[in-house]
Structure formats: C-alpha cells, structure tokens
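K.L.:
Take this structure first; my questions come after.
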Amino acid sequence: MDFTNSKDFLMETAKVLLTTDSPSGFTAKAAQTAADLAEGLGFATRRSNKGSVIIQVPGRDHSRRIGLCAHIDTLGLMVRAITPEGQLSITKIGGPILPTLDGEYCKIYTRDGRVYTGTILSLSPAVHVFEDAATRERTADTMAVRIDEKVKTAQDVRDLGIEAGDYICYDPKTVVTESGFLKSRFIDDKGSAACLLTLLHEMKRTGTRPLYDTEIVFTVYEEVGHGGATFSDYQELLAVDMGCVGKDLTCTEYQVSICAKDSGGPYDYELTSRLIALAREHGVDYAVDVYPFYSSDATVAWKSGSDAKAALIGPGVHASHGMERTHFDGMKATMELLALYLDCQ
C-alpha cells in the first residue's frame, strides 16, 4: 500500500483531531469527531461504556481477531481552587511538563457549557515586579490561570459559573510546515490516530481489506493509566503510540519506532520480531528502542487480564509532553508497517 500521496489527508485529519480539546475524561467531542471520520469512510463504529471508539474493519479471513489501538485523550489541567484574587489554581491531568505551559493561552469549560479564555502564568509573572520572575519554579502550586474576564474576587469567578473540577484546555499550537513537519502539542497520540484513519482512507480508496477481522480502538483514558483496561479479547493487540526520540535512543522523527521494552516490561517477542522482519524485508525505515519512562494501552490490557500477544509501534516524536514534533516520513513509515502487518490486499 503506497501512502506517498496521503499527506494532505493525513495532515488535515491530524489538525482536526489535534484542535479538538480532549484531556482525559473530557473526550466526548473528540470521540464523536473520530467516529464521524471513520463512518464517513464507510466503516461501522460503536462505543465502549467508558467512551472508547471502536471501528470495525472486516477481514478476508474471519478465524482471528486483531486489535489496533491509539488514544485520543490528551494531557490537560483542571481547576483545583479559585484564589481570593480571582485566579484559578490548577491540578494536572496526566503528565504535562508544566514549565512549558508558562504563558500559554487556554480555555476553561464549565459544567453548564460556558467557555472562557485565559492564560496560564507563573505566580511571579512580571520581571518589573517580582525578583524571582525568571527563576521561580514552575509547578502546580506556583502557577495559575488568569481569566480574560473582569474578576477581582473568588465570588466574581463563581458568578461566571466556574468551579473546582472544570477543565482547562491549553492551545495545541498545531502547525504543518512545507518541509513536512507536524508540530503541535498532543501528537502523542493524535498523530497515531490520524495514521490509523489514513490507513482506513487508503483501504477505502484501493478497495483492500486486512487478512483478519480487525478492530481499531481509540481509547480515552490512556494518559491517566487505564485506557486499555477494557479491551475485547484479541489474538493480537498492536498499540500505535508515539515513538520516543532522545538520549540513548536510535529513532528519529523520520522513522517508525518499534518498542522492544518500556517501563511495563518487554513486549511479545514473536510479534515484535515479526514487525521488525516485515520492516526490514520491505524497506520500511524503522528503529528498535527501549523506552525508559513509558507505558501503553497494551501494557494496561495485559495487566487487566488480556491474553493477546501485544506489541507497540509509532512515529518518532520529539519533545514528548511538551512542544512535540514529528514528520510525514515517520508517519508514513508507521502506516506502511501497519498495512504490512495487517496484510492489506
């Protein structure tokens, strides 16, 4: 399957997903968006009770069931408290690198459907006022959201309908460059979700199907550790999540990363070896790495009792949980390996 001409569809799909706010637990709109995209390509979908999107892809052989998963939940923040001065104290959803959020624009979503804008700032935000403006540690206790409304007290904020527990979604700042880079927050893992949807697009365009009945699952709680806890029984489960780039790792943004082991332990030896052999045999640009601080939905599925053989691949992503970046080449290599693994014909 040739993905050379899939760049426009891939990047447009990625932009649609990336610009739809969806921190873990606040994913209904993103899930509906993903389902609509899949259904528009002619594939049936259903939802799990927890909100995951399950896309059904009939195979040529019905004797086995294969699962592919990516997650469409992201990092984010939540209102922890309202300060006496009318700012919003924060708590993290997942593991964002908080110093990278200093100065970022955000939206505050109230439980009754109102949306306000604001800015995430250090509590020492001005060099003309605070001696430690440049040096103060950026943590959940030393940062707050400045709301773009005329508020002077906590009650002023509550009068807007804002309360503790409301979601704070920060700007992904999504850009696609002429040189083929996708740079944005939340490429982990909406970049992989876009790859899977583009794979479906190519199946429809070429009239091809996978060898075995396949389900593509977009999970909605991966960033907080239990996205893969309710998977159906599959013979094999392939998690498609970001590949790590950095210290001691060989993967680049231009390759598909095949993970041999992460913090949860080694992935299935036979399945991982098969993926490596497919990439090598067909000239797919790949790297094999061990991720030092990482876990996936496949590991969670295992810990929840899944008996599937499980493995992990994904496009190389630089600066994970910060201002991330990948390249079309790495996403293309990921889609090529996925098509080979599924034996699309």
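Chain labels A, B, ... are given in the sequence in which chains occur in the structure tokens; within each chain residues are numbered consecutively from 1, and ligands are likewise numbered from 1 in the order shown.
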Show which residues sit within 7 Å of Ala298 (chain A), as a PyMOL selection string. Count only C-alpha atoms, and ignore same-chain residues fewer than 2 positions away.
P.N.:
chain A and resi 228+237+239+296+300-302+310
K.L.:
Among region 135-263 of chain A, which residues carry a DSSP assignment of strand (DSSP E), reported as an MDAnalysis selection string?
P.N.:
chainID A and resid 143:147 167:170 175:176 181:184 212:219 236:240 243:244 256:262
K.L.:
When you count only C-alpha atoms, which of these residues is closest to Thr91 (chain A): A:Lys29, A:Glu131, A:Lys152, A:Tyr167?
P.N.:
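Looking at the shortest contact to Thr91 (chain A), the residue is A:Tyr167.
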K.L.:
Go through A:Asp166, A:Asp268, A:Asp248, A:Asp21 and flag the residue nearest Arg80 (chain A), using only C-alpha atoms for the distances.
P.N.:
A:Asp166
K.L.:
Might you pull out every residue within 6 Å of region 316-333 of chain A, with only C-alpha atoms counted and same-chain residues fewer than 5 positions away left off, and present them as a PyMOL selection string?
P.N.:
chain A and resi 96-97+180-185+242-245+252-257+284
K.L.:
Which is closest to Tyr221 (chain A) among A:Leu41, A:Met78, A:Met203, A:Ile93, if we use only C-alpha atoms?
P.N.:
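The closest residue to Tyr221 (chain A) is A:Ile93.
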K.L.:
Between A:Val224, A:Cys195, A:Ile187, A:Val145, which one has atoms that come closest to Tyr105 (chain A), using only C-alpha atoms?
P.N.:
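When distances to Tyr105 (chain A) are compared using only C-alpha atoms, the smallest one comes from A:Val145.
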K.L.:
As number ranges by chain, please: every residue in region 102-330 of chain A that a backbone DSSP assignment puts in alpha helix (DSSP H).
P.N.:
A: 154-159, 187-206, 269-281, 297-303, 328-330
K.L.:
In terms of the shortest atom-to-atom distance over only C-alpha atoms, which of A:Asp343, A:Glu202, A:Glu215, A:Asp148 is closest to Val53 (chain A)?
P.N.:
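Of the candidates, the smallest distance to Val53 (chain A) is held by A:Glu215.
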K.L.:
For each of A:Leu98, A:Leu37, A:Val151, A:Val115, take the minimum atom-to-atom distance to Leu10 (chain A), counting only C-alpha atoms, then give the residue where this is smallest.
P.N.:
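Nearest to Leu10 (chain A): A:Leu37.
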K.L.:
Near Ser52 (chain A), counting only C-alpha atoms, which residues have an atom at most 8 Å away, once you skip same-chain residues fewer than 2 positions from it, shown as a ChimeraX atom specification?
P.N.:
/A:31,47-50,54,217-220
K.L.:
Go ahead and dump the residues you just picked, all heavy atoms, as an mmCIF file, in the first residue's frame.
P.N.:
```
data_model
loop_
_atom_site.group_PDB
_atom_site.id
_atom_site.type_symbol
_atom_site.label_atom_id
_atom_site.label_comp_id
_atom_site.auth_asym_id
_atom_site.auth_seq_id
_atom_site.Cartn_x
_atom_site.Cartn_y
_atom_site.Cartn_z
ATOM 1 N N ALA A 31 -14.100 12.026 20.547
ATOM 2 C CA ALA A 31 -14.558 10.685 20.193
ATOM 3 C C ALA A 31 -15.586 10.746 19.077
ATOM 4 O O ALA A 31 -15.548 9.947 18.128
ATOM 5 C CB ALA A 31 -15.126 9.989 21.425
ATOM 6 N N ARG A 47 -19.366 2.361 20.530
ATOM 7 C CA ARG A 47 -18.679 2.939 21.684
ATOM 8 C C ARG A 47 -18.631 1.931 22.830
ATOM 9 O O ARG A 47 -19.590 1.188 23.047
ATOM 10 C CB ARG A 47 -19.407 4.191 22.178
ATOM 11 C CG ARG A 47 -19.532 5.295 21.167
ATOM 12 C CD ARG A 47 -18.200 5.949 20.860
ATOM 13 N NE ARG A 47 -18.399 7.015 19.895
ATOM 14 C CZ ARG A 47 -18.711 8.259 20.228
ATOM 15 N NH1 ARG A 47 -18.867 8.580 21.506
ATOM 16 N NH2 ARG A 47 -18.890 9.179 19.299
ATOM 17 N N SER A 48 -17.537 1.944 23.548
ATOM 18 C CA SER A 48 -17.486 1.199 24.797
ATOM 19 C C SER A 48 -18.210 2.005 25.872
ATOM 20 O O SER A 48 -18.487 3.198 25.699
ATOM 21 C CB SER A 48 -16.036 0.949 25.223
ATOM 22 O OG SER A 48 -15.449 2.152 25.716
ATOM 23 N N ASN A 49 -18.495 1.354 26.981
ATOM 24 C CA ASN A 49 -19.189 2.052 28.063
ATOM 25 C C ASN A 49 -18.369 3.215 28.597
ATOM 26 O O ASN A 49 -18.919 4.227 29.045
ATOM 27 C CB ASN A 49 -19.515 1.065 29.191
ATOM 28 C CG ASN A 49 -20.544 1.606 30.155
ATOM 29 O OD1 ASN A 49 -21.596 2.091 29.746
ATOM 30 N ND2 ASN A 49 -20.238 1.558 31.443
ATOM 31 N N LYS A 50 -17.040 3.102 28.555
ATOM 32 C CA LYS A 50 -16.153 4.171 29.027
ATOM 33 C C LYS A 50 -15.958 5.274 28.001
ATOM 34 O O LYS A 50 -15.385 6.307 28.316
ATOM 35 C CB LYS A 50 -14.780 3.599 29.408
ATOM 36 C CG LYS A 50 -14.778 2.819 30.702
ATOM 37 C CD LYS A 50 -13.456 2.106 30.923
ATOM 38 C CE LYS A 50 -12.285 3.028 31.074
ATOM 39 N NZ LYS A 50 -11.057 2.301 31.466
ATOM 40 N N ILE A 54 -14.736 2.293 18.793
ATOM 41 C CA ILE A 54 -14.325 1.005 18.240
ATOM 42 C C ILE A 54 -14.782 0.950 16.787
ATOM 43 O O ILE A 54 -15.975 1.041 16.493
ATOM 44 C CB ILE A 54 -14.917 -0.156 19.043
ATOM 45 C CG1 ILE A 54 -14.503 -0.048 20.516
ATOM 46 C CG2 ILE A 54 -14.465 -1.502 18.457
ATOM 47 C CD1 ILE A 54 -15.302 -0.927 21.446
ATOM 48 N N VAL A 217 -9.325 0.672 17.909
ATOM 49 C CA VAL A 217 -9.911 1.246 19.118
ATOM 50 C C VAL A 217 -9.190 2.553 19.454
ATOM 51 O O VAL A 217 -7.964 2.573 19.609
ATOM 52 C CB VAL A 217 -9.804 0.273 20.316
ATOM 53 C CG1 VAL A 217 -10.537 0.849 21.528
ATOM 54 C CG2 VAL A 217 -10.353 -1.103 19.952
ATOM 55 N N PHE A 218 -9.958 3.628 19.551
ATOM 56 C CA PHE A 218 -9.428 4.898 20.031
ATOM 57 C C PHE A 218 -9.826 5.033 21.497
ATOM 58 O O PHE A 218 -11.005 5.236 21.821
ATOM 59 C CB PHE A 218 -9.986 6.067 19.219
ATOM 60 C CG PHE A 218 -9.496 6.106 17.796
ATOM 61 C CD1 PHE A 218 -10.327 6.515 16.772
ATOM 62 C CD2 PHE A 218 -8.199 5.739 17.474
ATOM 63 C CE1 PHE A 218 -9.893 6.566 15.456
ATOM 64 C CE2 PHE A 218 -7.743 5.771 16.161
ATOM 65 C CZ PHE A 218 -8.587 6.183 15.156
ATOM 66 N N THR A 219 -8.859 4.890 22.387
ATOM 67 C CA THR A 219 -9.140 4.921 23.812
ATOM 68 C C THR A 219 -9.122 6.353 24.332
ATOM 69 O O THR A 219 -8.579 7.267 23.702
ATOM 70 C CB THR A 219 -8.134 4.067 24.602
ATOM 71 O OG1 THR A 219 -6.828 4.653 24.503
ATOM 72 C CG2 THR A 219 -8.095 2.644 24.062
ATOM 73 N N VAL A 220 -9.704 6.548 25.529
ATOM 74 C CA VAL A 220 -9.932 7.903 26.028
ATOM 75 C C VAL A 220 -9.431 8.125 27.463
ATOM 76 O O VAL A 220 -9.718 9.157 28.061
ATOM 77 C CB VAL A 220 -11.428 8.268 25.936
ATOM 78 C CG1 VAL A 220 -11.863 8.376 24.478
ATOM 79 C CG2 VAL A 220 -12.303 7.269 26.661
#
```
K.L.:
Considering only C-alpha atoms, return as number ranges by chain whatever protein or nucleic-acid residues lie within 8 Å of region 70-75 of chain A, sequence-local ones (same chain, fewer than 5 positions apart) excluded.
P.N.:
A: 17, 22-27, 30-31, 92-96, 186, 188-190, 192-193, 216-223, 227, 239-241, 297, 321
K.L.:
Which residues, written as a PyMOL selection string, have at least one atom at most 6 Å from Met143 (chain A), with only C-alpha atoms counted and residues fewer than 6 positions away on the same chain left out?
P.N.:
chain A and resi 121-123
K.L.:
Write out as a count of residues only the residues lying within 10 Å of region 157-162 of chain A, counting only C-alpha atoms and excluding same-chain residues fewer than 2 positions away.
P.N.:
30
K.L.:
What gap, in Å, lies between CA of Gln345 (chain A) and CA of Ile55 (chain A)?
P.N.:
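Separation between CA of Gln345 (chain A) and CA of Ile55 (chain A): 18.7 Å.
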K.L.:
Record the distance separating CA of Cys169 (chain A) and CA of Gly118 (chain A), expressed in Å with one decimal.
P.N.:
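Separation between CA of Cys169 (chain A) and CA of Gly118 (chain A): 9.9 Å.
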